[in-house]
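Shown next, in structure tokens, is the structure this report addresses.
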Amino acid sequence: MPQTETSSYEIVFVGSGISCAAVLLKLIEKIALLAKESNANKPVNIAVIEKAPNLWTGVPYGDRSSVNSLTITTLGDFVPVAERDEFYQWLKDHQNNWMNDLKDKGGPVAIAWIQRNLSSIKEDRWDEIYLPRYLFGNYLREKVEKKIKESEQAGQIFIHIIKGRTIDIRQQEKDAYEIVGVIDNLREFTVHADKVVLCVGSPPMKFLDQSISSRDENYIHDTYSPSLEDNISKMKAVLQSIEDKAKRNVLLLGSNASSLEFLYLVNGDKELKGLLNKIIVLSTSGELPRRITPGRFLKYHFENMEVLKSRKAFKADDLMIAVQNDLELASVAGVNIADAHDALSDLLVELISLLSKEEKEKFHCFSGADFSKLIRRAGAEYRDAASSLEAAGKMMILKGVFTNLLKKPESQKAYQLLYKEVSNGEVKQYPDIFSVVVNCGGFEQLSTSSSSPLIANLIKNGLCEINCTQRGVKVSETFEASERLYVMGPLLGGLFNSKGQLWHVENAKSIFHLSGLLVDEMMEHSFADVVSK
């Protein structure tokens with residue numbers, strides 16, 4: 001029988017990634033100010049529950065990503081406003097250390113990156129760089145650890161780290177929450193909290209087919225599990241075991257940022273690139289994110305959207321149709337929409353402001369995510385790597401909708417692809433076999449989440465309600481899914497209230513901004529009394 005541990009805390013964070021770090025930094029700052037004003041001498045008792053070995057970075061900025069993984073946009077677009085100056089100074093102060101660390105850990109890919117960006121680094125032109133994002137993780141980890149130490153020494157907080165996986169949260173009598181988890185999948189623990197902050201990151205990756213095990217050596221279900229580097233090594237080992245190079249094909253499902261990241265790492269690994277016959281990228285759009293031209297900001301006339309501005313009233317569906325029509329016209333005209341991104345985004349914001357409240361919410365719920373897919377863009381570093389693979393005959397985009405994977409009967413170590421033509425819905429079988437399949441198909445909808453007991457139990461227990469996007473949960477103006485159960489990070493996708501109107505909350509800027517608002521609400525409505533006791 002599993003052993004059980006029970007403790008009580010004023011506040012419990014579930015998850016320790018960037019969302020937790022952002023909230024915690026702001027919370028420590030607010031607690032220090034309030035403690036000073038009220039002469040409080042009792043520390044706030046806080047627990048952080050995390051199943052992964054590393055804290056404060058989450059998947060994108062920690063060890064599960066590659067040290068060669070870059071920000072998808074420039075630092076100028078990526079870095080949270082409140083952290084910008086301090087992070088840039090950290091990069092300058094620690095430049096020799098992180099550049100040597102990057103060379104040691106990142107090998108030829110990192111050395112090539114340094115050579116390409118050395119002049120920008122020397123001239124402090126940080127805004128234009130696509131930085132290895134683990135460096136932001138290192139900076140964030142150092143900052144959080146320093147702030148925690150200072151606050152604990154001042155007697156303002158006490159933080160207890162629980163290394164385990166949260167599987168359930170239940171509301172108890174006396175307005176408390178019971179959080180249940182397991183350590184090493186063996187020993188159960190239970191903690192109680194006055195308040196909970198849910199910082200669990202994105203939902204799990206959606207499964208392609210339940211008959212395909214994520215443990216199959218030829219199938220990579222999640223590029224970050226256990227880590228990107230492990231999966232690159234896994235793919236390399238499989239290809240090395242195949243004598244016939246014509247059969248060393250890889251199927252990459254999806255053409256999102258994770259797909260581009262994978263292609264970038266493959267292109268930089270000469271050994272892997274030499275082993276590879278070709279990568280087929282299956283994509284509904286038939287396109288990878290568009291390349292951002294450095295320093296180019298294109299002004300373009302979006303005629304259908306401009307027509308809407310002159311109308312007295314229009315609906316969310318009208319706006320989405322106008323966007324689609326204008327993007328088609330831009331494509332025909334040879335316009336790179338990535339370079340006109342700012343102009344398009346500004347116009348969209350203006351048009352959304354003209355919608356009724358009901359239609360605004362409808363656009364956020366049902367069109368926002370689709371709009372983001374239509375204008376996906378990526379930096380030159382990533383996009384040029386994909387183009388290099390394509391030019392070398394190592395990569396090809398296949399436009400189609402995934403239907404199924406079939407294991408070859410003569411070999412349980414190879415797959416055949418069934419896909420659907422976008423134009424006519426005809427199901428086809430791709431002629432080549434694939435020795436490795438990589439799933440970059442995106443996240444599950446919360447209503448169908450099959451691999452997260454916590455999310456399933458939160459919905460079952462009535463503590464969280466799925467919002468209209470199916471990718472996030474409903475929260476109040478105070479970021480509460482239920483009273484004193486706060487949410488931060490990607491599960492806020494679909495947020496629509498006076499505090500924010502966002503159809504996805506996955507970038508660092510949004511998370512840091514919303515974290516400040518959450519802490520303000522927490523301190524004002526339900527936390528100040530704890531500090532002043």
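Numbering starts fresh at 1 for the residues of each chain in the structure tokens, the chains themselves are lettered A, B, ... in the order given, and ligands are numbered from 1 as they appear.
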For range 131-139 of chain A, list every protein, DNA or RNA residue within 6 Å, evaluated using only C-alpha atoms, and leave out those in the same chain fewer than 6 positions away; present the list as a count of residues only. 8
When DSSP works through the backbone of this structure, what residues of range 92-250 of chain A end up as alpha helix (DSSP H), shown as a PyMOL selection string? chain A and resi 92-93+95-122+134-153+228-240
Please write the residues from the selection above to a file, keeping C-alpha atoms, as an mmCIF file, in the first residue's frame.
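Listing of part-v7.cif after writing:
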data_model
loop_
_atom_site.group_PDB
_atom_site.id
_atom_site.type_symbol
_atom_site.label_atom_id
_atom_site.label_comp_id
_atom_site.auth_asym_id
_atom_site.auth_seq_id
_atom_site.Cartn_x
_atom_site.Cartn_y
_atom_site.Cartn_z
ATOM 1 C CA LYS A 92 26.224 40.757 -20.988
ATOM 2 C CA ASP A 93 27.548 40.037 -17.481
ATOM 3 C CA GLN A 95 28.576 36.285 -21.704
ATOM 4 C CA ASN A 96 31.803 34.281 -21.452
ATOM 5 C CA ASN A 97 30.194 31.677 -19.200
ATOM 6 C CA TRP A 98 27.079 31.054 -21.271
ATOM 7 C CA MET A 99 28.922 31.097 -24.600
ATOM 8 C CA ASN A 100 31.390 28.465 -23.353
ATOM 9 C CA ASP A 101 28.529 26.432 -21.884
ATOM 10 C CA LEU A 102 26.637 26.653 -25.157
ATOM 11 C CA LYS A 103 29.651 25.500 -27.161
ATOM 12 C CA ASP A 104 30.271 22.568 -24.819
ATOM 13 C CA LYS A 105 26.673 21.386 -24.744
ATOM 14 C CA GLY A 106 25.469 22.391 -28.192
ATOM 15 C CA GLY A 107 28.396 21.273 -30.351
ATOM 16 C CA PRO A 108 28.571 22.272 -34.029
ATOM 17 C CA VAL A 109 25.018 23.666 -34.111
ATOM 18 C CA ALA A 110 25.822 26.028 -31.238
ATOM 19 C CA ILE A 111 29.190 27.041 -32.670
ATOM 20 C CA ALA A 112 27.561 27.896 -35.994
ATOM 21 C CA TRP A 113 24.868 29.905 -34.161
ATOM 22 C CA ILE A 114 27.544 31.895 -32.278
ATOM 23 C CA GLN A 115 29.386 32.666 -35.503
ATOM 24 C CA ARG A 116 26.196 33.924 -37.154
ATOM 25 C CA ASN A 117 25.236 36.129 -34.208
ATOM 26 C CA LEU A 118 28.599 37.244 -32.808
ATOM 27 C CA SER A 119 28.475 40.769 -34.212
ATOM 28 C CA SER A 120 24.984 41.373 -32.780
ATOM 29 C CA ILE A 121 26.128 40.046 -29.403
ATOM 30 C CA LYS A 122 29.243 42.229 -29.336
ATOM 31 C CA TYR A 134 17.497 27.726 -22.297
ATOM 32 C CA LEU A 135 19.500 30.850 -21.468
ATOM 33 C CA PHE A 136 16.293 32.616 -20.462
ATOM 34 C CA GLY A 137 15.557 29.534 -18.357
ATOM 35 C CA ASN A 138 18.948 29.794 -16.649
ATOM 36 C CA TYR A 139 18.375 33.474 -15.956
ATOM 37 C CA LEU A 140 14.898 32.830 -14.594
ATOM 38 C CA ARG A 141 16.052 29.960 -12.379
ATOM 39 C CA GLU A 142 18.838 32.065 -10.872
ATOM 40 C CA LYS A 143 16.493 34.976 -10.245
ATOM 41 C CA VAL A 144 13.763 32.896 -8.601
ATOM 42 C CA GLU A 145 16.226 31.029 -6.390
ATOM 43 C CA LYS A 146 17.808 34.304 -5.300
ATOM 44 C CA LYS A 147 14.447 35.928 -4.508
ATOM 45 C CA ILE A 148 13.277 32.873 -2.554
ATOM 46 C CA LYS A 149 16.475 32.814 -0.502
ATOM 47 C CA GLU A 150 16.240 36.534 0.300
ATOM 48 C CA SER A 151 12.558 36.276 1.238
ATOM 49 C CA GLU A 152 13.090 33.203 3.426
ATOM 50 C CA GLN A 153 16.013 34.853 5.191
ATOM 51 C CA LEU A 228 14.449 16.635 -27.488
ATOM 52 C CA GLU A 229 18.052 15.459 -27.344
ATOM 53 C CA ASP A 230 16.988 11.960 -26.285
ATOM 54 C CA ASN A 231 14.578 11.770 -29.188
ATOM 55 C CA ILE A 232 17.159 12.984 -31.697
ATOM 56 C CA SER A 233 19.474 10.235 -30.417
ATOM 57 C CA LYS A 234 16.633 7.721 -30.612
ATOM 58 C CA MET A 235 15.940 8.623 -34.224
ATOM 59 C CA LYS A 236 19.615 8.429 -35.081
ATOM 60 C CA ALA A 237 19.908 4.941 -33.555
ATOM 61 C CA VAL A 238 16.914 3.670 -35.550
ATOM 62 C CA LEU A 239 18.274 5.023 -38.840
ATOM 63 C CA GLN A 240 21.723 3.562 -38.125
#
Write out as an MDAnalysis selection string the residues lying within 8 Å of range 271-283 of chain A, counting only C-alpha atoms and excluding same-chain residues fewer than 4 positions away. chainID A and resid 236 239:240 245:255 266:267 287 393:402
If you keep C-alpha atoms, can you produce a file of those selected residues as a short mmCIF file (atom, residue, chain, number, x, y, z; two decimals), in the first residue's frame?
data_model
loop_
_atom_site.label_atom_id
_atom_site.label_comp_id
_atom_site.auth_asym_id
_atom_site.auth_seq_id
_atom_site.Cartn_x
_atom_site.Cartn_y
_atom_site.Cartn_z
CA LYS A 236 19.62 8.43 -35.08
CA LEU A 239 18.27 5.02 -38.84
CA GLN A 240 21.72 3.56 -38.13
CA LYS A 245 19.24 4.10 -47.02
CA ALA A 246 16.13 4.35 -49.22
CA LYS A 247 14.13 3.12 -46.22
CA ARG A 248 15.54 5.68 -43.79
CA ASN A 249 12.52 7.93 -44.08
CA VAL A 250 11.00 10.03 -41.30
CA LEU A 251 7.38 11.19 -41.14
CA LEU A 252 6.92 14.48 -39.31
CA LEU A 253 3.25 15.10 -38.50
CA GLY A 254 2.44 18.81 -38.32
CA SER A 255 4.10 22.00 -39.52
CA VAL A 266 18.26 17.65 -37.78
CA ASN A 267 19.81 20.05 -40.27
CA GLU A 287 3.20 25.09 -45.57
CA GLY A 393 16.33 16.80 -51.22
CA LYS A 394 16.11 15.77 -47.58
CA MET A 395 12.69 17.26 -46.82
CA MET A 396 9.34 17.62 -48.57
CA ILE A 397 5.99 19.08 -47.53
CA LEU A 398 2.95 16.89 -48.14
CA LYS A 399 -0.41 18.68 -48.03
CA GLY A 400 -2.98 16.44 -46.41
CA VAL A 401 -4.91 15.43 -43.32
CA PHE A 402 -3.60 12.58 -41.18
#
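Of the residues listed (A:Ile433, A:Val48, A:Leu298, A:Ile337), A:Val48 shows the shortest atom-to-atom separation from His160 in chain A; distances use only C-alpha atoms.
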Which of A:Ala508, A:Ser310, A:Lys407, A:Val191 sits closest to Ile169 in chain A [using only C-alpha atoms]: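 Between A:Ala508, A:Ser310, A:Lys407, A:Val191, the residue approaching Ile169 in chain A most closely is A:Val191.
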Atomic separation - CA of Cys440 in chain A relative to CA of Val427 in chain A, Å: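 Atom-to-atom, CA of Val427 in chain A to CA of Cys440 in chain A, that is 21.0 Å.
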10 Å contact set for range 458-462 of chain A, only C-alpha atoms, chain neighbours under 4 positions out, as an mmCIF file with all heavy atoms, in the first residue's frame:
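For reference, around-v5.cif as written:
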data_model
loop_
_atom_site.group_PDB
_atom_site.id
_atom_site.type_symbol
_atom_site.label_atom_id
_atom_site.label_comp_id
_atom_site.auth_asym_id
_atom_site.auth_seq_id
_atom_site.Cartn_x
_atom_site.Cartn_y
_atom_site.Cartn_z
ATOM 1 N N ILE A 167 -2.406 14.386 -9.111
ATOM 2 C CA ILE A 167 -3.403 13.632 -9.867
ATOM 3 C C ILE A 167 -4.830 14.078 -9.565
ATOM 4 O O ILE A 167 -5.749 13.769 -10.323
ATOM 5 C CB ILE A 167 -3.274 12.113 -9.621
ATOM 6 C CG1 ILE A 167 -3.417 11.786 -8.132
ATOM 7 C CG2 ILE A 167 -1.945 11.604 -10.171
ATOM 8 C CD1 ILE A 167 -3.434 10.289 -7.837
ATOM 9 N N ASP A 168 -5.034 14.831 -8.477
ATOM 10 C CA ASP A 168 -6.400 15.239 -8.143
ATOM 11 C C ASP A 168 -6.373 16.450 -7.208
ATOM 12 O O ASP A 168 -5.433 16.625 -6.419
ATOM 13 C CB ASP A 168 -7.143 14.086 -7.471
ATOM 14 C CG ASP A 168 -8.664 14.248 -7.506
ATOM 15 O OD1 ASP A 168 -9.140 15.222 -8.136
ATOM 16 O OD2 ASP A 168 -9.361 13.399 -6.920
ATOM 17 N N ILE A 169 -7.393 17.278 -7.333
ATOM 18 C CA ILE A 169 -7.623 18.387 -6.414
ATOM 19 C C ILE A 169 -9.100 18.348 -6.045
ATOM 20 O O ILE A 169 -9.966 18.280 -6.920
ATOM 21 C CB ILE A 169 -7.273 19.751 -7.044
ATOM 22 C CG1 ILE A 169 -5.789 19.802 -7.424
ATOM 23 C CG2 ILE A 169 -7.599 20.901 -6.076
ATOM 24 C CD1 ILE A 169 -5.377 21.082 -8.131
ATOM 25 N N ARG A 170 -9.376 18.402 -4.730
ATOM 26 C CA ARG A 170 -10.753 18.334 -4.254
ATOM 27 C C ARG A 170 -11.018 19.484 -3.292
ATOM 28 O O ARG A 170 -10.136 19.859 -2.512
ATOM 29 C CB ARG A 170 -11.007 17.009 -3.527
ATOM 30 C CG ARG A 170 -10.632 15.768 -4.324
ATOM 31 C CD ARG A 170 -10.528 14.559 -3.421
ATOM 32 N NE ARG A 170 -9.982 13.391 -4.124
ATOM 33 C CZ ARG A 170 -9.323 12.408 -3.513
ATOM 34 N NH1 ARG A 170 -9.108 12.461 -2.210
ATOM 35 N NH2 ARG A 170 -8.863 11.385 -4.223
ATOM 36 N N GLN A 171 -12.221 19.987 -3.339
ATOM 37 C CA GLN A 171 -12.612 21.053 -2.411
ATOM 38 C C GLN A 171 -13.123 20.416 -1.134
ATOM 39 O O GLN A 171 -13.930 19.487 -1.161
ATOM 40 C CB GLN A 171 -13.683 21.938 -3.038
ATOM 41 C CG GLN A 171 -13.819 23.282 -2.348
ATOM 42 C CD GLN A 171 -14.515 24.307 -3.220
ATOM 43 O OE1 GLN A 171 -15.231 23.949 -4.149
ATOM 44 N NE2 GLN A 171 -14.292 25.579 -2.950
ATOM 45 N N LEU A 446 -9.303 19.786 -24.071
ATOM 46 C CA LEU A 446 -9.492 19.421 -22.666
ATOM 47 C C LEU A 446 -10.629 18.416 -22.495
ATOM 48 O O LEU A 446 -10.590 17.585 -21.595
ATOM 49 C CB LEU A 446 -9.769 20.662 -21.828
ATOM 50 C CG LEU A 446 -8.635 21.697 -21.749
ATOM 51 C CD1 LEU A 446 -8.988 22.790 -20.754
ATOM 52 C CD2 LEU A 446 -7.315 21.054 -21.362
ATOM 53 N N SER A 447 -11.620 18.486 -23.366
ATOM 54 C CA SER A 447 -12.755 17.582 -23.241
ATOM 55 C C SER A 447 -12.398 16.145 -23.590
ATOM 56 O O SER A 447 -13.123 15.216 -23.226
ATOM 57 C CB SER A 447 -13.903 18.047 -24.141
ATOM 58 O OG SER A 447 -13.477 18.113 -25.490
ATOM 59 N N PRO A 453 -4.667 12.790 -15.711
ATOM 60 C CA PRO A 453 -5.662 12.539 -14.662
ATOM 61 C C PRO A 453 -6.066 13.820 -13.928
ATOM 62 O O PRO A 453 -7.236 13.964 -13.547
ATOM 63 C CB PRO A 453 -4.938 11.568 -13.718
ATOM 64 C CG PRO A 453 -3.885 10.927 -14.548
ATOM 65 C CD PRO A 453 -3.451 11.971 -15.529
ATOM 66 N N LEU A 454 -5.109 14.739 -13.757
ATOM 67 C CA LEU A 454 -5.416 15.964 -13.030
ATOM 68 C C LEU A 454 -6.474 16.788 -13.760
ATOM 69 O O LEU A 454 -7.471 17.214 -13.168
ATOM 70 C CB LEU A 454 -4.153 16.801 -12.830
ATOM 71 C CG LEU A 454 -4.369 18.181 -12.196
ATOM 72 C CD1 LEU A 454 -5.018 18.051 -10.822
ATOM 73 C CD2 LEU A 454 -3.056 18.944 -12.103
ATOM 74 N N ILE A 466 -14.495 23.838 -18.916
ATOM 75 C CA ILE A 466 -13.832 24.086 -20.189
ATOM 76 C C ILE A 466 -14.480 25.284 -20.870
ATOM 77 O O ILE A 466 -15.705 25.402 -20.910
ATOM 78 C CB ILE A 466 -13.929 22.847 -21.099
ATOM 79 C CG1 ILE A 466 -13.310 21.627 -20.412
ATOM 80 C CG2 ILE A 466 -13.237 23.094 -22.435
ATOM 81 C CD1 ILE A 466 -13.570 20.323 -21.138
ATOM 82 N N VAL A 473 -9.642 26.878 -19.676
ATOM 83 C CA VAL A 473 -10.717 26.799 -18.693
ATOM 84 C C VAL A 473 -11.280 28.194 -18.435
ATOM 85 O O VAL A 473 -10.586 29.205 -18.575
ATOM 86 C CB VAL A 473 -10.237 26.160 -17.374
ATOM 87 C CG1 VAL A 473 -9.752 24.742 -17.611
ATOM 88 C CG2 VAL A 473 -9.141 26.988 -16.721
ATOM 89 N N ALA A 481 -10.756 29.706 -11.383
ATOM 90 C CA ALA A 481 -11.645 28.717 -11.983
ATOM 91 C C ALA A 481 -12.729 28.330 -10.991
ATOM 92 O O ALA A 481 -13.868 28.052 -11.358
ATOM 93 C CB ALA A 481 -10.856 27.490 -12.414
ATOM 94 N N SER A 482 -12.357 28.275 -9.731
ATOM 95 C CA SER A 482 -13.264 28.166 -8.591
ATOM 96 C C SER A 482 -12.697 29.096 -7.528
ATOM 97 O O SER A 482 -11.563 29.573 -7.654
ATOM 98 C CB SER A 482 -13.325 26.729 -8.055
ATOM 99 O OG SER A 482 -13.925 25.857 -9.005
#
If we count only C-alpha atoms and set the cut-off at 8 Å, which residues sit around Asn325 in chain A, ignoring sequence neighbours fewer than 4 positions away in its own chain? Please answer as a PyMOL selection string. chain A and resi 304+321+329
Please report, as a ChimeraX atom specification, each residue of range 39-280 of chain A to which DSSP assigns strand (DSSP E or B) when run on this structure's backbone. /A:44-50,70,132,157-163,165-171,177-183,187-198,205,219-220,249-253,278-280
9 Å contact set for Leu24 in chain A, only C-alpha atoms, chain neighbours under 2 positions out, as a compact mmCIF listing (two decimals) with N, CA and C atoms, in the first residue's frame:
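Written output follows (part24.txt):
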# COMPACT_ATOMS: atom_id res chain seq x y z
N SER A 19 5.14 29.82 -15.69
CA SER A 19 3.96 30.44 -15.11
C SER A 19 4.10 30.55 -13.60
N CYS A 20 4.56 29.48 -12.98
CA CYS A 20 4.80 29.50 -11.53
C CYS A 20 5.88 30.51 -11.18
N ALA A 21 6.97 30.51 -11.94
CA ALA A 21 8.06 31.45 -11.66
C ALA A 21 7.58 32.89 -11.74
N ALA A 22 6.80 33.21 -12.77
CA ALA A 22 6.32 34.57 -12.96
C ALA A 22 5.42 35.01 -11.81
N LYS A 26 6.38 37.86 -8.59
CA LYS A 26 5.50 38.98 -8.27
C LYS A 26 4.93 38.85 -6.87
N LEU A 27 4.62 37.63 -6.46
CA LEU A 27 4.06 37.39 -5.13
C LEU A 27 5.07 37.72 -4.04
N ILE A 28 6.32 37.31 -4.24
CA ILE A 28 7.37 37.61 -3.26
C ILE A 28 7.54 39.12 -3.11
N GLU A 29 7.51 39.81 -4.24
CA GLU A 29 7.64 41.27 -4.23
C GLU A 29 6.49 41.91 -3.44
N VAL A 144 14.75 33.43 -9.54
CA VAL A 144 13.76 32.90 -8.60
C VAL A 144 14.45 32.35 -7.36
N ILE A 148 13.77 33.77 -3.60
CA ILE A 148 13.28 32.87 -2.55
C ILE A 148 14.20 32.90 -1.35
N SER A 515 0.44 37.34 -14.98
CA SER A 515 0.84 36.95 -13.63
C SER A 515 0.80 38.14 -12.68
N VAL A 519 -1.61 38.28 -9.32
CA VAL A 519 -1.11 38.53 -7.96
C VAL A 519 -1.78 39.76 -7.35
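Across the structure, CA of Cys468 in chain A and CA of Cys365 in chain A are spaced 5.5 Å apart.
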Contacts of Ile72 in chain A at 12 Å or less, counting only C-alpha atoms, minus same-chain residues fewer than 3 places along, as a short mmCIF file (atom, residue, chain, number, x, y, z; two decimals) with N, CA, C and O atoms, in the first residue's frame?
data_model
loop_
_atom_site.label_atom_id
_atom_site.label_comp_id
_atom_site.auth_asym_id
_atom_site.auth_seq_id
_atom_site.Cartn_x
_atom_site.Cartn_y
_atom_site.Cartn_z
N PRO A 60 9.74 24.47 -22.21
CA PRO A 60 10.41 25.23 -23.27
C PRO A 60 11.79 25.76 -22.89
O PRO A 60 12.65 25.90 -23.77
N SER A 69 17.76 24.85 -29.03
CA SER A 69 16.41 25.33 -29.34
C SER A 69 16.36 26.85 -29.19
O SER A 69 16.79 27.39 -28.18
N LEU A 75 14.38 38.30 -29.69
CA LEU A 75 14.30 38.64 -28.27
C LEU A 75 13.44 39.87 -28.04
O LEU A 75 12.75 39.97 -27.02
N GLY A 76 13.48 40.80 -28.97
CA GLY A 76 12.68 42.01 -28.81
C GLY A 76 11.20 41.69 -28.70
O GLY A 76 10.46 42.37 -27.97
N ASP A 77 10.75 40.67 -29.43
CA ASP A 77 9.34 40.25 -29.35
C ASP A 77 9.09 39.25 -28.23
O ASP A 77 7.97 39.12 -27.76
N PHE A 78 10.13 38.55 -27.81
CA PHE A 78 9.97 37.45 -26.86
C PHE A 78 10.01 37.88 -25.40
O PHE A 78 9.19 37.46 -24.59
N VAL A 79 11.00 38.69 -25.03
CA VAL A 79 11.27 38.94 -23.61
C VAL A 79 10.16 39.76 -22.96
O VAL A 79 9.75 40.80 -23.49
N GLU A 128 17.40 41.84 -31.87
CA GLU A 128 17.28 41.21 -33.19
C GLU A 128 17.71 39.75 -33.20
O GLU A 128 17.65 39.08 -34.22
N ILE A 129 18.12 39.22 -32.04
CA ILE A 129 18.67 37.87 -31.96
C ILE A 129 17.58 36.83 -31.68
O ILE A 129 16.66 37.08 -30.91
N TYR A 130 17.72 35.67 -32.31
CA TYR A 130 16.92 34.50 -31.97
C TYR A 130 17.79 33.67 -31.02
O TYR A 130 18.68 32.95 -31.46
N LEU A 131 17.54 33.79 -29.74
CA LEU A 131 18.46 33.27 -28.72
C LEU A 131 18.14 31.83 -28.34
O LEU A 131 16.96 31.45 -28.30
N PRO A 132 19.17 31.01 -28.06
CA PRO A 132 18.91 29.70 -27.44
C PRO A 132 18.11 29.93 -26.16
O PRO A 132 18.58 30.59 -25.22
N ARG A 133 16.90 29.41 -26.11
CA ARG A 133 15.98 29.85 -25.06
C ARG A 133 16.27 29.25 -23.70
O ARG A 133 15.73 29.72 -22.69
N ASN A 256 4.09 22.99 -37.32
CA ASN A 256 4.09 24.10 -36.37
C ASN A 256 5.51 24.44 -35.92
O ASN A 256 6.50 23.99 -36.50
N ALA A 257 5.61 25.23 -34.85
CA ALA A 257 6.92 25.66 -34.36
C ALA A 257 7.77 24.48 -33.89
O ALA A 257 8.99 24.46 -34.07
N SER A 258 7.13 23.48 -33.26
CA SER A 258 7.87 22.30 -32.80
C SER A 258 8.46 21.53 -33.99
O SER A 258 9.56 20.99 -33.90
N SER A 259 7.71 21.49 -35.09
CA SER A 259 8.22 20.83 -36.30
C SER A 259 9.45 21.55 -36.83
O SER A 259 10.46 20.92 -37.18
N LEU A 260 9.36 22.88 -36.90
CA LEU A 260 10.51 23.66 -37.37
C LEU A 260 11.72 23.47 -36.48
O LEU A 260 12.86 23.39 -36.95
N GLU A 261 11.48 23.44 -35.18
CA GLU A 261 12.57 23.24 -34.23
C GLU A 261 13.25 21.90 -34.49
O GLU A 261 14.49 21.80 -34.50
N TYR A 264 15.34 22.08 -37.61
CA TYR A 264 16.55 22.87 -37.36
C TYR A 264 17.63 22.00 -36.72
O TYR A 264 18.81 22.05 -37.11
N PRO A 289 5.66 27.51 -41.20
CA PRO A 289 5.55 28.93 -40.85
C PRO A 289 6.43 29.78 -41.76
O PRO A 289 7.53 29.39 -42.15
N ARG A 290 5.95 30.96 -42.10
CA ARG A 290 6.65 31.82 -43.05
C ARG A 290 7.86 32.47 -42.42
O ARG A 290 7.87 32.82 -41.25
N ARG A 291 8.85 32.71 -43.25
CA ARG A 291 10.13 33.27 -42.78
C ARG A 291 10.01 34.76 -42.52
O ARG A 291 9.56 35.54 -43.35
N ILE A 292 10.46 35.18 -41.34
CA ILE A 292 10.52 36.60 -40.99
C ILE A 292 11.79 37.18 -41.60
O ILE A 292 12.90 36.73 -41.29
N ARG A 376 1.13 31.98 -39.13
CA ARG A 376 2.31 31.46 -38.43
C ARG A 376 3.59 31.93 -39.10
O ARG A 376 3.70 31.93 -40.34
N ARG A 377 4.53 32.33 -38.28
CA ARG A 377 5.81 32.84 -38.80
C ARG A 377 6.94 32.34 -37.93
O ARG A 377 6.73 31.90 -36.79
N ALA A 378 8.14 32.41 -38.45
CA ALA A 378 9.31 31.93 -37.71
C ALA A 378 10.53 32.71 -38.17
O ALA A 378 10.59 33.22 -39.29
N GLY A 379 11.52 32.74 -37.30
CA GLY A 379 12.74 33.47 -37.60
C GLY A 379 13.57 32.81 -38.69
O GLY A 379 13.40 31.63 -39.03
N ALA A 380 14.47 33.59 -39.24
CA ALA A 380 15.31 33.12 -40.34
C ALA A 380 16.14 31.90 -39.94
O ALA A 380 16.38 31.01 -40.77
N GLU A 381 16.58 31.86 -38.68
CA GLU A 381 17.42 30.74 -38.23
C GLU A 381 16.71 29.41 -38.46
O GLU A 381 17.27 28.47 -39.04
N TYR A 382 15.48 29.30 -37.99
CA TYR A 382 14.71 28.07 -38.13
C TYR A 382 14.29 27.83 -39.58
O TYR A 382 14.44 26.74 -40.13
N ARG A 383 13.74 28.86 -40.19
CA ARG A 383 13.16 28.69 -41.52
C ARG A 383 14.22 28.37 -42.57
O ARG A 383 13.98 27.57 -43.49
N ASN A 507 3.11 32.48 -24.70
CA ASN A 507 4.41 33.16 -24.77
C ASN A 507 4.74 33.84 -23.45
O ASN A 507 3.85 34.15 -22.64
N ALA A 508 6.02 34.06 -23.24
CA ALA A 508 6.51 34.59 -21.97
C ALA A 508 5.94 35.98 -21.67
O ALA A 508 5.64 36.29 -20.51
#
Given only C-alpha atoms as the basis, pick out the residue of A:Glu173, A:Asp127, A:Glu328, A:Glu480 nearest to Pro294 in chain A. A:Asp127
